[in-house]
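> If it helps, the file is called model-v3.cif and holds mmCIF, C-alpha atoms and all ligand atoms:
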```
data_run
loop_
_atom_site.label_atom_id
_atom_site.label_comp_id
_atom_site.auth_asym_id
_atom_site.auth_seq_id
_atom_site.Cartn_x
_atom_site.Cartn_y
_atom_site.Cartn_z
CA MET A 1 99.70 116.40 215.75
CA PHE A 2 103.03 117.03 214.03
CA THR A 3 106.37 115.72 215.13
CA SER A 4 109.58 117.74 214.68
CA LYS A 5 112.38 116.78 212.32
CA ILE A 6 115.86 118.18 211.93
CA ALA A 7 115.60 119.72 208.46
CA GLY A 8 119.09 121.21 208.37
CA ILE A 9 122.25 121.06 210.46
CA GLY A 10 125.47 123.09 210.52
CA SER A 11 128.52 123.68 212.67
CA TYR A 12 131.40 126.12 212.96
CA LEU A 13 134.81 125.50 214.48
CA PRO A 14 137.35 128.33 214.74
CA LYS A 15 140.54 127.83 212.71
CA ASN A 16 142.94 128.20 215.63
CA LYS A 17 143.98 124.70 216.82
CA VAL A 18 145.48 124.53 220.31
CA THR A 19 147.29 121.31 221.17
CA ASN A 20 148.06 119.95 224.62
CA GLU A 21 151.70 120.86 223.96
CA ASP A 22 150.62 124.48 223.32
CA LEU A 23 148.98 124.65 226.78
CA LYS A 24 152.27 123.77 228.47
CA GLN A 25 153.56 127.28 227.89
CA TYR A 26 150.87 128.63 230.28
CA MET A 27 150.55 125.93 232.96
CA ASP A 28 152.12 122.87 234.48
CA THR A 29 150.45 120.09 232.49
CA SER A 30 151.35 117.40 229.95
CA ASP A 31 149.97 115.83 226.79
CA GLU A 32 150.11 112.49 228.60
CA TRP A 33 147.98 113.68 231.57
CA ILE A 34 145.36 115.34 229.37
CA GLN A 35 145.03 112.42 226.94
CA GLU A 36 145.00 109.79 229.66
CA ARG A 37 142.35 111.54 231.82
CA THR A 38 140.16 113.11 229.08
CA GLY A 39 141.07 111.72 225.63
CA ILE A 40 141.54 115.30 224.35
CA LYS A 41 144.39 115.93 221.87
CA GLU A 42 143.51 119.43 220.76
CA ARG A 43 140.75 122.02 220.85
CA ARG A 44 139.87 125.18 218.91
CA TYR A 45 140.01 128.73 220.27
CA ALA A 46 138.04 131.56 218.70
CA HIS A 47 139.81 134.70 217.54
CA ARG A 48 139.98 136.94 220.62
CA THR A 49 138.36 140.00 219.05
CA GLU A 50 136.86 138.96 215.73
CA GLU A 51 134.87 135.93 216.85
CA THR A 52 132.24 135.73 219.60
CA THR A 53 129.75 133.14 220.76
CA THR A 54 127.20 134.85 218.50
CA THR A 55 129.37 135.18 215.39
CA MET A 56 130.22 131.47 215.56
CA ALA A 57 126.53 130.69 216.03
CA VAL A 58 125.68 132.74 212.95
CA GLU A 59 128.18 130.78 210.82
CA ALA A 60 126.72 127.44 211.99
CA SER A 61 123.18 128.75 211.49
CA LYS A 62 123.84 129.87 207.89
CA ILE A 63 124.77 126.28 207.00
CA ALA A 64 121.80 124.75 208.86
CA ILE A 65 119.36 127.20 207.24
CA GLU A 66 120.76 126.60 203.75
CA ARG A 67 120.62 122.82 204.21
CA ALA A 68 116.99 123.14 205.33
CA GLY A 69 116.26 124.84 202.01
CA ILE A 70 114.96 128.04 203.58
CA THR A 71 116.27 131.56 204.27
CA ALA A 72 116.96 133.42 207.52
CA GLN A 73 113.70 135.34 206.96
CA ASP A 74 111.75 132.07 207.19
CA ILE A 75 112.93 131.39 210.76
CA ASP A 76 110.06 132.06 213.16
CA PHE A 77 111.74 131.38 216.53
CA ILE A 78 115.27 131.10 217.97
CA VAL A 79 116.36 128.99 220.94
CA PHE A 80 119.99 129.65 221.89
CA ALA A 81 121.88 127.55 224.46
CA THR A 82 125.14 128.89 225.90
CA LEU A 83 127.00 129.51 229.15
CA SER A 84 129.41 131.95 227.54
CA PRO A 85 127.17 134.70 226.14
CA ASP A 86 128.52 137.82 224.44
CA TYR A 87 126.84 139.90 227.16
CA TYR A 88 125.64 139.11 230.70
CA PHE A 89 122.40 140.43 229.18
CA PRO A 90 120.77 140.59 226.66
CA GLY A 91 121.11 137.01 225.48
CA CYS A 92 122.69 135.77 222.27
CA GLY A 93 119.34 134.94 220.61
CA VAL A 94 118.60 138.59 219.88
CA LEU A 95 122.14 139.10 218.57
CA VAL A 96 121.59 136.27 216.06
CA GLN A 97 118.22 137.79 215.10
CA ARG A 98 120.00 141.11 214.43
CA ALA A 99 123.06 139.68 212.69
CA MET A 100 120.99 137.52 210.33
CA GLN A 101 118.42 140.26 209.67
CA MET A 102 115.55 138.04 210.68
CA LYS A 103 111.97 139.19 211.21
CA GLU A 104 110.97 140.46 214.68
CA ILE A 105 110.62 136.89 215.93
CA GLY A 106 110.90 135.51 219.46
CA ALA A 107 114.38 134.69 220.72
CA LEU A 108 114.95 132.62 223.83
CA ASP A 109 118.24 131.93 225.63
CA ILE A 110 118.69 128.68 227.55
CA ARG A 111 120.99 128.43 230.58
CA ASN A 112 121.51 124.74 231.05
CA GLN A 113 125.20 124.43 230.27
CA CYS A 114 126.20 120.95 229.04
CA SER A 115 122.55 119.87 228.78
CA GLY A 116 121.65 123.17 227.10
CA PHE A 117 121.26 121.88 223.56
CA VAL A 118 118.98 118.98 224.54
CA TYR A 119 116.89 121.35 226.69
CA ALA A 120 116.74 123.79 223.74
CA LEU A 121 115.69 121.02 221.36
CA SER A 122 112.99 119.93 223.79
CA VAL A 123 111.58 123.47 224.08
CA ALA A 124 111.58 123.91 220.30
CA ASP A 125 109.94 120.50 219.86
CA GLN A 126 106.97 121.58 221.98
CA PHE A 127 106.41 124.71 219.84
CA ILE A 128 106.51 122.64 216.64
CA LYS A 129 104.15 119.98 218.03
CA THR A 130 101.53 122.57 218.98
CA GLY A 131 101.74 124.07 215.49
CA MET A 132 102.88 127.45 216.83
CA TYR A 133 106.09 127.66 214.76
CA LYS A 134 107.31 126.03 211.52
CA ASN A 135 111.02 126.85 211.31
CA ILE A 136 112.85 127.03 214.62
CA LEU A 137 116.57 127.70 214.78
CA VAL A 138 118.13 125.81 217.71
CA ILE A 139 121.72 126.76 218.54
CA GLY A 140 124.47 125.69 220.92
CA SER A 141 127.56 127.92 220.91
CA GLU A 142 130.44 128.61 223.29
CA LYS A 143 133.50 130.81 223.47
CA HIS A 144 135.12 129.31 226.55
CA SER A 145 138.65 130.45 225.75
CA PHE A 146 137.81 134.01 226.79
CA GLY A 147 137.00 133.07 230.37
CA LEU A 148 139.37 130.35 231.56
CA ASP A 149 142.18 130.47 234.11
CA PHE A 150 145.24 129.52 232.08
CA SER A 151 147.54 129.39 235.09
CA THR A 152 148.36 126.07 236.80
CA ARG A 153 145.69 126.96 239.39
CA GLY A 154 142.94 126.48 236.77
CA ARG A 155 144.41 123.57 234.81
CA ASN A 156 141.79 120.96 235.80
CA VAL A 157 139.15 123.08 234.02
CA SER A 158 141.00 124.96 231.31
CA VAL A 159 142.56 121.97 229.50
CA ILE A 160 139.11 120.46 228.91
CA PHE A 161 137.19 123.22 227.21
CA GLY A 162 137.12 124.42 223.61
CA ASP A 163 135.16 126.84 221.41
CA GLY A 164 132.65 126.17 218.64
CA ALA A 165 129.04 126.26 217.53
CA GLY A 166 126.37 123.98 216.13
CA ALA A 167 122.84 124.71 214.91
CA VAL A 168 119.80 122.88 213.60
CA VAL A 169 116.57 123.95 211.93
CA LEU A 170 113.57 122.15 213.37
CA GLN A 171 110.48 121.76 211.18
CA PRO A 172 107.20 119.86 211.43
CA THR A 173 106.94 116.55 209.62
CA GLU A 174 103.88 114.42 208.95
CA LYS A 175 105.96 111.46 207.80
CA GLN A 176 104.93 108.54 210.01
CA GLY A 177 107.63 107.59 212.53
CA GLN A 178 110.05 110.39 211.59
CA GLY A 179 111.38 113.06 213.96
CA ILE A 180 111.84 113.64 217.68
CA ILE A 181 110.27 110.70 219.51
CA SER A 182 110.72 112.02 223.04
CA THR A 183 112.90 114.23 225.24
CA HIS A 184 113.68 113.76 228.93
CA LEU A 185 114.87 116.63 231.14
CA HIS A 186 116.17 116.47 234.72
CA SER A 187 117.86 118.55 237.38
CA ASP A 188 119.15 118.28 240.93
CA GLY A 189 120.33 121.58 242.36
CA ALA A 190 121.80 119.99 245.48
CA SER A 191 125.25 120.14 243.88
CA ALA A 192 124.84 123.42 242.00
CA GLU A 193 128.14 124.84 243.32
CA LEU A 194 130.26 121.82 242.33
CA LEU A 195 130.45 122.98 238.71
CA ALA A 196 129.79 126.70 238.53
CA MET A 197 131.02 130.18 237.83
CA TYR A 198 129.96 132.14 240.91
CA ASN A 199 131.04 135.62 239.89
CA PRO A 200 129.84 138.01 238.68
CA GLY A 201 126.57 137.15 240.39
CA THR A 202 124.02 138.36 242.93
CA HIS A 203 124.62 135.57 245.46
CA ALA A 204 126.49 137.81 247.96
CA ASN A 205 127.59 134.51 249.53
CA HIS A 206 123.98 133.73 250.46
CA TRP A 207 124.36 130.03 249.64
CA VAL A 208 127.75 129.60 251.18
CA LYS A 209 127.88 128.23 254.71
CA ASP A 210 131.59 127.54 254.83
CA PRO A 211 133.28 128.58 251.59
CA VAL A 212 136.50 126.73 252.32
CA ALA A 213 134.95 123.43 253.40
CA ASP A 214 132.00 123.53 251.04
CA TYR A 215 133.24 124.67 247.68
CA ASN A 216 136.89 125.46 247.91
CA ASP A 217 137.50 129.14 248.58
CA ALA A 218 136.42 130.16 245.10
CA VAL A 219 133.01 131.54 246.14
CA ILE A 220 134.27 134.48 248.16
CA GLY A 221 132.78 137.85 247.29
CA ASP A 222 129.78 139.75 248.59
CA MET A 223 129.76 142.14 245.65
CA PHE A 224 128.66 141.66 242.06
CA MET A 225 132.22 142.20 240.89
CA SER A 226 135.31 143.51 242.65
CA LYS A 227 139.03 143.92 242.15
CA GLU A 228 139.59 141.33 244.89
CA MET A 229 137.61 138.76 242.90
CA MET A 230 139.71 139.39 239.84
CA ASP A 231 142.97 139.30 241.82
CA ASN A 232 141.98 135.95 243.38
CA ALA A 233 140.75 134.45 240.10
CA GLN A 234 137.22 134.12 241.49
CA ASN A 235 135.72 135.12 238.17
CA PHE A 236 136.65 131.78 236.60
CA PRO A 237 134.67 128.52 236.49
CA PHE A 238 135.06 126.13 239.42
CA MET A 239 134.71 122.36 239.03
CA ASP A 240 135.04 119.49 241.46
CA GLY A 241 136.03 117.15 238.62
CA PRO A 242 135.92 113.80 240.45
CA ALA A 243 132.47 114.57 241.96
CA VAL A 244 131.08 115.55 238.54
CA PHE A 245 132.62 112.46 236.93
CA LYS A 246 131.03 110.12 239.52
CA LYS A 247 127.57 111.59 239.02
CA ALA A 248 127.89 111.73 235.22
CA ILE A 249 128.60 108.03 234.82
CA VAL A 250 125.38 107.24 236.71
CA LYS A 251 123.07 109.81 235.09
CA PHE A 252 124.18 109.34 231.45
CA PRO A 253 123.16 105.65 231.28
CA GLU A 254 120.06 106.32 233.39
CA VAL A 255 118.65 109.04 231.11
CA ILE A 256 119.45 107.04 227.96
CA MET A 257 117.63 104.00 229.38
CA GLU A 258 114.72 106.23 230.41
CA ALA A 259 114.28 107.36 226.78
CA LEU A 260 114.54 103.81 225.42
CA THR A 261 112.23 102.23 228.01
CA LYS A 262 109.59 104.95 227.57
CA ASN A 263 109.41 104.03 223.88
CA GLY A 264 109.69 100.26 224.17
CA LEU A 265 113.18 100.28 222.63
CA ALA A 266 116.46 98.61 223.59
CA THR A 267 120.11 99.69 223.42
CA SER A 268 120.50 97.41 220.37
CA ASP A 269 117.97 99.65 218.54
CA ILE A 270 120.27 102.71 218.78
CA ASN A 271 122.05 103.38 215.48
CA LEU A 272 124.07 106.25 216.90
CA LEU A 273 124.51 107.66 220.38
CA ILE A 274 125.77 111.24 220.47
CA PRO A 275 126.85 111.85 224.05
CA HIS A 276 127.73 115.35 225.22
CA GLN A 277 131.50 115.44 224.76
CA ALA A 278 132.44 115.94 228.43
CA ASN A 279 135.31 113.50 228.71
CA LEU A 280 136.17 110.50 226.49
CA ARG A 281 136.45 108.35 229.63
CA ILE A 282 132.83 109.16 230.52
CA SER A 283 131.66 108.22 226.99
CA GLN A 284 133.64 104.98 227.15
CA PHE A 285 132.15 104.14 230.53
CA VAL A 286 128.62 104.75 229.21
CA GLN A 287 129.33 102.64 226.12
CA GLN A 288 130.57 99.78 228.26
CA LYS A 289 127.73 100.03 230.77
CA LEU A 290 125.12 99.89 227.97
CA SER A 291 127.06 97.24 225.98
CA LEU A 292 127.13 99.43 222.86
CA ARG A 293 129.42 98.63 219.93
CA ASP A 294 132.04 101.17 218.83
CA ASP A 295 130.00 102.01 215.73
CA GLN A 296 127.00 102.92 217.91
CA VAL A 297 128.78 105.76 219.75
CA PHE A 298 130.17 108.95 218.21
CA ASN A 299 133.00 110.89 219.86
CA ASN A 300 135.00 113.86 218.59
CA ILE A 301 136.24 115.32 221.89
CA GLN A 302 139.74 114.27 220.81
CA GLN A 303 139.74 117.09 218.20
CA TYR A 304 137.52 119.73 219.78
CA GLY A 305 137.58 119.29 223.56
CA ASN A 306 134.44 119.90 225.58
CA THR A 307 132.36 122.63 223.91
CA THR A 308 129.51 122.44 226.47
CA ALA A 309 126.17 123.41 224.80
CA ALA A 310 127.78 123.20 221.35
CA SER A 311 129.22 119.71 221.70
CA ILE A 312 126.12 117.70 220.71
CA PRO A 313 125.19 119.72 217.59
CA ILE A 314 128.86 119.81 216.49
CA ALA A 315 129.15 116.02 216.89
CA LEU A 316 125.75 115.42 215.30
CA CYS A 317 126.74 117.57 212.31
CA GLN A 318 130.06 115.78 211.85
CA ALA A 319 128.43 112.34 212.11
CA TRP A 320 125.78 113.36 209.56
CA GLU A 321 128.40 114.83 207.18
CA GLU A 322 130.43 111.61 207.42
CA GLY A 323 127.34 109.61 206.36
CA LEU A 324 127.01 107.89 209.74
CA ILE A 325 123.36 108.92 210.08
CA LYS A 326 120.87 107.76 207.43
CA ASP A 327 117.12 108.20 207.00
CA GLY A 328 115.25 105.99 209.45
CA ASP A 329 118.17 105.69 211.90
CA LEU A 330 117.50 105.94 215.63
CA VAL A 331 119.74 108.67 217.06
CA CYS A 332 120.04 109.21 220.80
CA MET A 333 121.52 112.35 222.35
CA ALA A 334 122.38 112.54 226.03
CA ALA A 335 124.02 115.12 228.25
CA PHE A 336 125.02 115.78 231.85
CA GLY A 337 126.60 118.81 233.45
CA SER A 338 126.46 121.88 235.65
CA GLY A 339 123.29 122.26 237.69
CA PHE A 340 123.38 119.36 237.89
CA THR A 341 121.16 118.97 234.85
CA TRP A 342 120.92 116.00 232.54
CA ALA A 343 118.78 115.17 229.53
CA SER A 344 118.24 112.87 226.56
CA ALA A 345 116.47 112.99 223.22
CA LEU A 346 115.53 110.20 220.81
CA ILE A 347 115.16 111.03 217.13
CA ARG A 348 114.13 108.86 214.20
CA TRP A 349 116.13 110.53 211.39
O1 LIG A 401 131.02 118.93 230.65
C1 LIG A 401 130.79 119.39 231.93
C2 LIG A 401 130.85 118.28 232.89
N1 LIG A 401 132.22 118.07 233.27
C3 LIG A 401 132.69 116.84 233.35
O2 LIG A 401 132.00 115.90 233.02
C4 LIG A 401 134.08 116.66 233.89
C5 LIG A 401 134.13 115.46 234.79
N2 LIG A 401 135.43 115.30 235.43
C6 LIG A 401 136.54 114.99 234.76
O3 LIG A 401 136.51 114.87 233.54
C7 LIG A 401 137.81 114.73 235.52
O4 LIG A 401 137.53 114.79 236.91
C8 LIG A 401 138.96 115.72 235.18
C9 LIG A 401 139.50 115.42 233.80
C10 LIG A 401 138.49 117.14 235.28
C11 LIG A 401 140.11 115.56 236.18
O5 LIG A 401 140.57 114.22 236.17
P1 LIG A 401 140.75 113.44 237.55
O6 LIG A 401 141.29 112.13 237.21
O7 LIG A 401 139.44 113.48 238.28
O8 LIG A 401 141.86 114.28 238.29
P2 LIG A 401 141.79 115.07 239.68
O9 LIG A 401 140.99 116.31 239.56
O10 LIG A 401 141.43 114.08 240.76
O11 LIG A 401 143.31 115.45 239.86
C12 LIG A 401 144.35 114.47 239.98
C13 LIG A 401 145.69 115.17 239.99
C14 LIG A 401 145.78 116.33 240.98
O12 LIG A 401 147.09 116.35 241.51
P3 LIG A 401 147.40 115.69 242.95
O13 LIG A 401 146.53 116.43 243.93
O14 LIG A 401 147.03 114.24 242.83
O15 LIG A 401 148.86 115.93 243.11
C15 LIG A 401 145.57 117.55 240.13
O16 LIG A 401 146.17 118.69 240.68
O17 LIG A 401 145.95 115.75 238.70
C16 LIG A 401 146.29 117.14 238.86
N3 LIG A 401 145.82 117.86 237.69
C17 LIG A 401 146.57 118.01 236.58
N4 LIG A 401 147.82 117.62 236.28
C18 LIG A 401 148.28 117.93 235.05
C19 LIG A 401 144.62 118.45 237.49
N5 LIG A 401 144.58 118.99 236.26
C20 LIG A 401 145.77 118.73 235.67
C21 LIG A 401 146.30 119.04 234.41
N6 LIG A 401 147.56 118.62 234.14
N7 LIG A 401 145.61 119.71 233.48
#
```
Write the structure described by the file as structure tokens, please.

Amino acid sequence: MFTSKIAGIGSYLPKNKVTNEDLKQYMDTSDEWIQERTGIKERRYAHRTEETTTTMAVEASKIAIERAGITAQDIDFIVFATLSPDYYFPGCGVLVQRAMQMKEIGALDIRNQCSGFVYALSVADQFIKTGMYKNILVIGSEKHSFGLDFSTRGRNVSVIFGDGAGAVVLQPTEKQGQGIISTHLHSDGASAELLAMYNPGTHANHWVKDPVADYNDAVIGDMFMSKEMMDNAQNFPFMDGPAVFKKAIVKFPEVIMEALTKNGLATSDINLLIPHQANLRISQFVQQKLSLRDDQVFNNIQQYGNTTAASIPIALCQAWEEGLIKDGDLVCMAAFGSGFTWASALIRW
């Protein structure tokens, strides 16, 4: 049986830098609050009309494909993770297939938000291991800036998120010990509404017992989309930040330890942990809990904010470009977010 290796990696960040100071013109916030609570200094926003989740994905993919030493026509499957697709349907995978003039290959979209890239990697890994595909393009891309509430009402969510894309090409390797060692996927839908965008959707309030007590009053709406929803800002993401934070700092260390224990490894064996860039305070908590040194954990949320499904491949790409990942290194990726879903992957580079 083959294992899967990352043969090429690329990322794309829009040019437009938005600082915490810049956000003050839209909402009541401060650089001090944002840095103290999240570590974020700035983020990137895509061009409103010229860049989409798919166009950013294509730019990242071009680099990953070139670095893998192949062409777009060699790709035999696409797995695309995003929560901010160009269209409600079809998914972004087919738009990448079209834009890059690929063969009539399969294209799968993954809807697992912050854990999306690790889920996508896990799915692609299974196809490589069975010998079904040889060059799989795995993408995480987000254009959050198009769908955030930039008024003070939405400030707990909107200051966190940024735009960007990352992509890898997964290929089989027969080199002993190299490649994806294992992936670990989890979910618990009990808190699905604590980090969610309810509308547009088909829920018709089916899940909501008491909208005000249960999930703030953001869930209101028994239609797919209505003027009332738009007027009341119910088409924006909702997050109970403290509840998500509390769960994240338990599940991140748990899923990292699960991966290590399964493979008879210890935290000291990790050369680089790439946590989903949710909040610098969460990464710092995880680092402390697992007694990891600074050089064992990579963070770039300070520059790019939280880019959801794109955050891990963007961070992985930057770490690799900076020479922080060498052949034979043990790289661990871990994520937690909306769903709740959480996941980890261990790779021997
Ligand atoms: O990647 C997806 C997964 N998401 C996460 O992992 C996010 C996890 N949660 C968090 O990162 C944090 O909960 C936040 C950064 C979102 C919020 O930090 P917090 O320390 O939990 O703040 P809070 O929501 O408890 O709000 C504290 C105060 C409130 O004011 P009052 O009620 O104490 O007067 C908020 O209204 O801070 C206020 N606040 C803000 N003030 C200035 C909320 N957002 C802002 C803001 N600027 N942007």
> Check every protein, DNA and RNA residue against ligand LIG 401 (chain A), keep those with an atom at most 8 Å away (counting only C-alpha atoms and all ligand atoms), and present them as a PyMOL selection string.
chain A and resi 27-30+33-34+37-38+113-114+152+154-160+195+239-246+248+276-279+281-282+306-308+336-338
> Taking the point (108.5, 116.6, 212.6) as given in the file, collect each protein or nucleic acid residue that comes within 9 Å of it, counting all atoms listed in the file, and present the set as a count of residues only.
18
> Might you pull out every residue within 9 Å of Ile220 (chain A), with all atoms listed in the file counted and same-chain residues fewer than 4 positions away left off, and present them as JSON, numbers by chain?
{"A": [198, 199, 204, 205, 208, 211, 229, 234]}
> Could you turn the residues from that selection into a file that holds C-alpha atoms, as a PDB file, in the frame of the given file?

```
ATOM      1  CA  TYR A 198     129.960 132.140 240.910  1.00  0.00           C
ATOM      2  CA  ASN A 199     131.040 135.620 239.890  1.00  0.00           C
ATOM      3  CA  ALA A 204     126.490 137.810 247.960  1.00  0.00           C
ATOM      4  CA  ASN A 205     127.590 134.510 249.530  1.00  0.00           C
ATOM      5  CA  VAL A 208     127.750 129.600 251.180  1.00  0.00           C
ATOM      6  CA  PRO A 211     133.280 128.580 251.590  1.00  0.00           C
ATOM      7  CA  MET A 229     137.610 138.760 242.900  1.00  0.00           C
ATOM      8  CA  GLN A 234     137.220 134.120 241.490  1.00  0.00           C
TER       9      GLN A 234
END
```
> Compile the contact shell of Ile9 (chain A) as a ChimeraX atom specification: residues with an atom at most 12 Å away, counting all atoms listed in the file, same-chain residues fewer than 6 positions apart removed.
/A:57,59-69,136-140,165-171,312-321
> How many Å separate CA of Gly39 (chain A) from CA of Gln302 (chain A)?
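About the pair CA of Gly39 (chain A) and CA of Gln302 (chain A): they are 5.6 Å apart.
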> Between CA of Gln25 (chain A) and CA of Leu280 (chain A), what is the distance in Å, rounded to a tenth?
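CA of Leu280 (chain A) lies at a distance of 24.2 Å from CA of Gln25 (chain A).
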> Find the residues around Trp342 (chain A) up to 8 Å (all atoms listed in the file counted), leave out those fewer than 2 positions away in its own chain, and share them as a PDB file with C-alpha atoms, in the coordinates of the input.

```
ATOM      1  CA  SER A 115     122.550 119.870 228.780  1.00  0.00           C
ATOM      2  CA  LEU A 185     114.870 116.630 231.140  1.00  0.00           C
ATOM      3  CA  HIS A 186     116.170 116.470 234.720  1.00  0.00           C
ATOM      4  CA  SER A 187     117.860 118.550 237.380  1.00  0.00           C
ATOM      5  CA  LYS A 251     123.070 109.810 235.090  1.00  0.00           C
ATOM      6  CA  PHE A 252     124.180 109.340 231.450  1.00  0.00           C
ATOM      7  CA  VAL A 255     118.650 109.040 231.110  1.00  0.00           C
ATOM      8  CA  ALA A 334     122.380 112.540 226.030  1.00  0.00           C
ATOM      9  CA  ALA A 335     124.020 115.120 228.250  1.00  0.00           C
ATOM     10  CA  PHE A 336     125.020 115.780 231.850  1.00  0.00           C
ATOM     11  CA  GLY A 337     126.600 118.810 233.450  1.00  0.00           C
ATOM     12  CA  PHE A 340     123.380 119.360 237.890  1.00  0.00           C
ATOM     13  CA  SER A 344     118.240 112.870 226.560  1.00  0.00           C
TER      14      SER A 344
END
```
> Determine, counting only C-alpha atoms, which protein, DNA and RNA residues have an atom within 7 Å of an atom of Lys41 (chain A); residues of the same chain fewer than 3 positions away are not included. Present the result as a PyMOL selection string.
chain A and resi 19-20+35+302-303
> List the spatial neighbours of Ala345 (chain A) as a ChimeraX atom specification - criterion: any atom at most 6 Å away, only C-alpha atoms, same-chain residues fewer than 4 positions off excluded.
/A:182-183,332-333
> Missing atoms in region 310-316 of chain A: can you complete it with all heavy atoms, as a CSV table (one decimal), in the frame of the given file?

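Output below, filename rebuild-v7.csv:
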```csv
chain,number,residue,atom,x,y,z
A,310,ALA,N,127.5,123.4,222.8
A,310,ALA,CA,127.8,123.2,221.4
A,310,ALA,C,128.2,121.8,221.0
A,310,ALA,O,128.2,121.4,219.8
A,310,ALA,CB,128.8,124.2,220.9
A,311,SER,N,128.6,121.0,222.0
A,311,SER,CA,129.2,119.7,221.7
A,311,SER,C,128.3,118.7,221.0
A,311,SER,O,128.7,118.1,220.0
A,311,SER,CB,129.8,119.1,223.0
A,311,SER,OG,128.9,118.2,223.6
A,312,ILE,N,127.0,118.7,221.4
A,312,ILE,CA,126.1,117.7,220.7
A,312,ILE,C,125.8,118.1,219.3
A,312,ILE,O,126.0,117.3,218.4
A,312,ILE,CB,124.8,117.5,221.5
A,312,ILE,CG1,125.2,116.6,222.8
A,312,ILE,CG2,123.8,116.8,220.7
A,312,ILE,CD1,124.1,116.3,223.7
A,313,PRO,N,125.4,119.4,219.0
A,313,PRO,CA,125.2,119.7,217.6
A,313,PRO,C,126.4,119.6,216.7
A,313,PRO,O,126.4,119.3,215.5
A,313,PRO,CB,124.6,121.1,217.6
A,313,PRO,CG,125.0,121.7,219.0
A,313,PRO,CD,125.1,120.5,219.9
A,314,ILE,N,127.6,119.9,217.3
A,314,ILE,CA,128.9,119.8,216.5
A,314,ILE,C,129.1,118.3,216.1
A,314,ILE,O,129.4,118.0,215.0
A,314,ILE,CB,130.1,120.4,217.2
A,314,ILE,CG1,130.0,121.9,217.3
A,314,ILE,CG2,131.4,120.0,216.6
A,314,ILE,CD1,131.1,122.6,218.2
A,315,ALA,N,128.9,117.5,217.1
A,315,ALA,CA,129.2,116.0,216.9
A,315,ALA,C,128.1,115.5,215.9
A,315,ALA,O,128.4,114.7,215.0
A,315,ALA,CB,129.1,115.3,218.2
A,316,LEU,N,126.9,115.9,216.2
A,316,LEU,CA,125.8,115.4,215.3
A,316,LEU,C,126.0,115.8,213.8
A,316,LEU,O,125.8,115.0,212.9
A,316,LEU,CB,124.4,116.0,215.8
A,316,LEU,CG,123.1,115.6,215.2
A,316,LEU,CD1,122.9,114.1,215.5
A,316,LEU,CD2,122.0,116.4,215.6
```
